[in-house]
Amino acid sequence: MNRLSMLQENGRRFEVIEAVERGSAVALGLRVSEPGWSGTAEVFKVFTFDVAGASVVGMQDCDSRRSALAVLEDR
């Protein structure tokens, strides 16, 4: 969290643009922007949870919504 706070102080912003849940996993779409960039970047991350322990047991970076949804289907 300290790292995200530092990035926000420097102008970088993170916005959740989509959340898709399937079973014990969720795919999050994030839009990242920074004042010096000509546009924004979008990235998807898939988090898998241990339901009993209420903790994250896996995280996978995906380059598109399609690949994030494919990862969810494989879980």
# chains A, B, ... in the order shown; residues from 1 in each chain; ligands from 1
>>> residues_around(residues="Leu28 in chain A", least_positions_apart="3", cutoff="12 Å", atoms="only C-alpha atoms", output="PyMOL selection string")
chain A and resi 14-22+25+31+42-48+59-65+67-69+71-72
>>> write_last_selection(atoms="C-alpha atoms", output="tab-separated table (two decimals), in the first residue's frame")
chain	number	residue	atom	x	y	z
A	14	PHE	CA	-5.32	3.10	-10.65
A	15	GLU	CA	-8.99	2.56	-11.43
A	16	VAL	CA	-10.88	-0.73	-11.28
A	17	ILE	CA	-12.78	-0.97	-14.57
A	18	GLU	CA	-14.20	-4.47	-14.28
A	19	ALA	CA	-14.53	-7.32	-11.80
A	20	VAL	CA	-15.64	-10.82	-12.85
A	21	GLU	CA	-16.07	-13.52	-10.20
A	22	ARG	CA	-16.08	-17.25	-10.86
A	25	ALA	CA	-11.38	-16.53	-8.26
A	31	ARG	CA	-6.82	1.21	-15.87
A	42	GLU	CA	-5.22	-1.50	-19.08
A	43	VAL	CA	-4.19	-4.71	-17.37
A	44	PHE	CA	-6.11	-7.64	-15.94
A	45	LYS	CA	-5.13	-9.65	-12.89
A	46	VAL	CA	-6.72	-12.90	-11.74
A	47	PHE	CA	-6.71	-13.61	-8.01
A	48	THR	CA	-7.50	-17.05	-6.61
A	59	MET	CA	-2.27	-14.18	-8.76
A	60	GLN	CA	-1.80	-14.17	-12.51
A	61	ASP	CA	-1.18	-11.19	-14.79
A	62	CYS	CA	-3.13	-11.20	-18.05
A	63	ASP	CA	-2.61	-9.01	-21.09
A	64	SER	CA	-6.30	-8.79	-22.02
A	65	ARG	CA	-9.84	-9.35	-20.80
A	67	SER	CA	-7.04	-14.07	-21.42
A	68	ALA	CA	-8.29	-13.23	-17.91
A	69	LEU	CA	-11.64	-14.86	-18.65
A	71	VAL	CA	-7.89	-18.22	-16.81
A	72	LEU	CA	-11.14	-18.02	-14.84
>>> atom_distance(atom1="CA of Gly11 in chain A", atom2="CA of Val32 in chain A")
10.5 Å
>>> select_by_dssp(residues="chain A", states="strand (DSSP E or B)", output="ChimeraX atom specification")
/A:13-22,25-33,41-50,55-62
>>> decode(residues="range 26-59 of chain A", atoms="N, CA and C atoms", output="CSV table (one decimal), in the first residue's frame")
chain,number,residue,atom,x,y,z
A,26,VAL,N,-11.3,-14.2,-8.9
A,26,VAL,CA,-11.9,-13.0,-9.5
A,26,VAL,C,-10.9,-12.4,-10.4
A,27,ALA,N,-11.4,-11.9,-11.6
A,27,ALA,CA,-10.5,-11.2,-12.5
A,27,ALA,C,-10.8,-9.7,-12.3
A,28,LEU,N,-9.8,-8.9,-12.2
A,28,LEU,CA,-9.9,-7.5,-12.0
A,28,LEU,C,-9.2,-6.8,-13.2
A,29,GLY,N,-10.0,-5.9,-13.8
A,29,GLY,CA,-9.5,-5.1,-14.9
A,29,GLY,C,-9.1,-3.7,-14.3
A,30,LEU,N,-7.8,-3.3,-14.5
A,30,LEU,CA,-7.3,-2.0,-14.0
A,30,LEU,C,-6.9,-1.1,-15.1
A,31,ARG,N,-7.3,0.2,-15.0
A,31,ARG,CA,-6.8,1.2,-15.9
A,31,ARG,C,-5.8,2.0,-15.1
A,32,VAL,N,-4.6,2.2,-15.7
A,32,VAL,CA,-3.5,2.9,-15.1
A,32,VAL,C,-3.2,4.1,-15.9
A,33,SER,N,-3.2,5.3,-15.3
A,33,SER,CA,-2.9,6.5,-16.0
A,33,SER,C,-1.8,7.3,-15.2
A,34,GLU,N,-1.2,8.2,-15.9
A,34,GLU,CA,-0.1,9.0,-15.4
A,34,GLU,C,-0.1,10.3,-16.2
A,35,PRO,N,0.0,11.5,-15.5
A,35,PRO,CA,-0.1,12.7,-16.3
A,35,PRO,C,0.9,12.8,-17.5
A,36,GLY,N,2.0,12.2,-17.4
A,36,GLY,CA,3.0,12.3,-18.5
A,36,GLY,C,2.7,11.4,-19.7
A,37,TRP,N,1.8,10.5,-19.6
A,37,TRP,CA,1.5,9.5,-20.6
A,37,TRP,C,0.5,10.1,-21.6
A,38,SER,N,0.6,9.7,-22.9
A,38,SER,CA,-0.3,10.1,-23.9
A,38,SER,C,-1.7,9.4,-23.8
A,39,GLY,N,-1.8,8.3,-23.1
A,39,GLY,CA,-3.0,7.6,-22.9
A,39,GLY,C,-3.0,6.8,-21.6
A,40,THR,N,-3.8,5.8,-21.6
A,40,THR,CA,-3.9,5.0,-20.4
A,40,THR,C,-3.5,3.5,-20.8
A,41,ALA,N,-3.2,2.7,-19.7
A,41,ALA,CA,-2.8,1.3,-19.9
A,41,ALA,C,-3.9,0.5,-19.2
A,42,GLU,N,-4.3,-0.6,-19.8
A,42,GLU,CA,-5.2,-1.5,-19.1
A,42,GLU,C,-4.5,-2.9,-18.9
A,43,VAL,N,-4.8,-3.4,-17.7
A,43,VAL,CA,-4.2,-4.7,-17.4
A,43,VAL,C,-5.2,-5.5,-16.6
A,44,PHE,N,-5.2,-6.8,-16.7
A,44,PHE,CA,-6.1,-7.6,-15.9
A,44,PHE,C,-5.3,-8.6,-15.0
A,45,LYS,N,-5.8,-8.8,-13.8
A,45,LYS,CA,-5.1,-9.7,-12.9
A,45,LYS,C,-6.2,-10.6,-12.4
A,46,VAL,N,-5.8,-11.9,-12.3
A,46,VAL,CA,-6.7,-12.9,-11.7
A,46,VAL,C,-6.2,-13.3,-10.4
A,47,PHE,N,-7.0,-13.2,-9.4
A,47,PHE,CA,-6.7,-13.6,-8.0
A,47,PHE,C,-7.5,-14.9,-7.7
A,48,THR,N,-6.8,-15.8,-7.1
A,48,THR,CA,-7.5,-17.0,-6.6
A,48,THR,C,-7.4,-17.1,-5.1
A,49,PHE,N,-8.5,-17.4,-4.5
A,49,PHE,CA,-8.6,-17.3,-3.0
A,49,PHE,C,-8.8,-18.7,-2.4
A,50,ASP,N,-8.2,-18.8,-1.2
A,50,ASP,CA,-8.5,-19.9,-0.3
A,50,ASP,C,-9.7,-19.5,0.5
A,51,VAL,N,-10.8,-20.1,0.1
A,51,VAL,CA,-12.1,-19.7,0.8
A,51,VAL,C,-12.1,-19.9,2.3
A,52,ALA,N,-11.5,-21.1,2.7
A,52,ALA,CA,-11.5,-21.4,4.1
A,52,ALA,C,-10.6,-20.4,4.9
A,53,GLY,N,-9.5,-20.1,4.3
A,53,GLY,CA,-8.5,-19.2,5.0
A,53,GLY,C,-8.7,-17.8,4.7
A,54,ALA,N,-9.6,-17.4,3.8
A,54,ALA,CA,-9.8,-16.1,3.3
A,54,ALA,C,-8.5,-15.3,3.0
A,55,SER,N,-7.7,-16.0,2.2
A,55,SER,CA,-6.4,-15.4,1.7
A,55,SER,C,-6.2,-15.7,0.2
A,56,VAL,N,-5.4,-14.8,-0.4
A,56,VAL,CA,-5.0,-15.0,-1.8
A,56,VAL,C,-4.0,-16.1,-1.9
A,57,VAL,N,-4.2,-17.1,-2.7
A,57,VAL,CA,-3.3,-18.2,-2.9
A,57,VAL,C,-2.6,-18.2,-4.3
A,58,GLY,N,-3.1,-17.3,-5.1
A,58,GLY,CA,-2.5,-17.2,-6.5
A,58,GLY,C,-2.9,-15.9,-7.1
A,59,MET,N,-2.0,-15.4,-8.0
A,59,MET,CA,-2.3,-14.2,-8.8
A,59,MET,C,-1.6,-14.4,-10.1
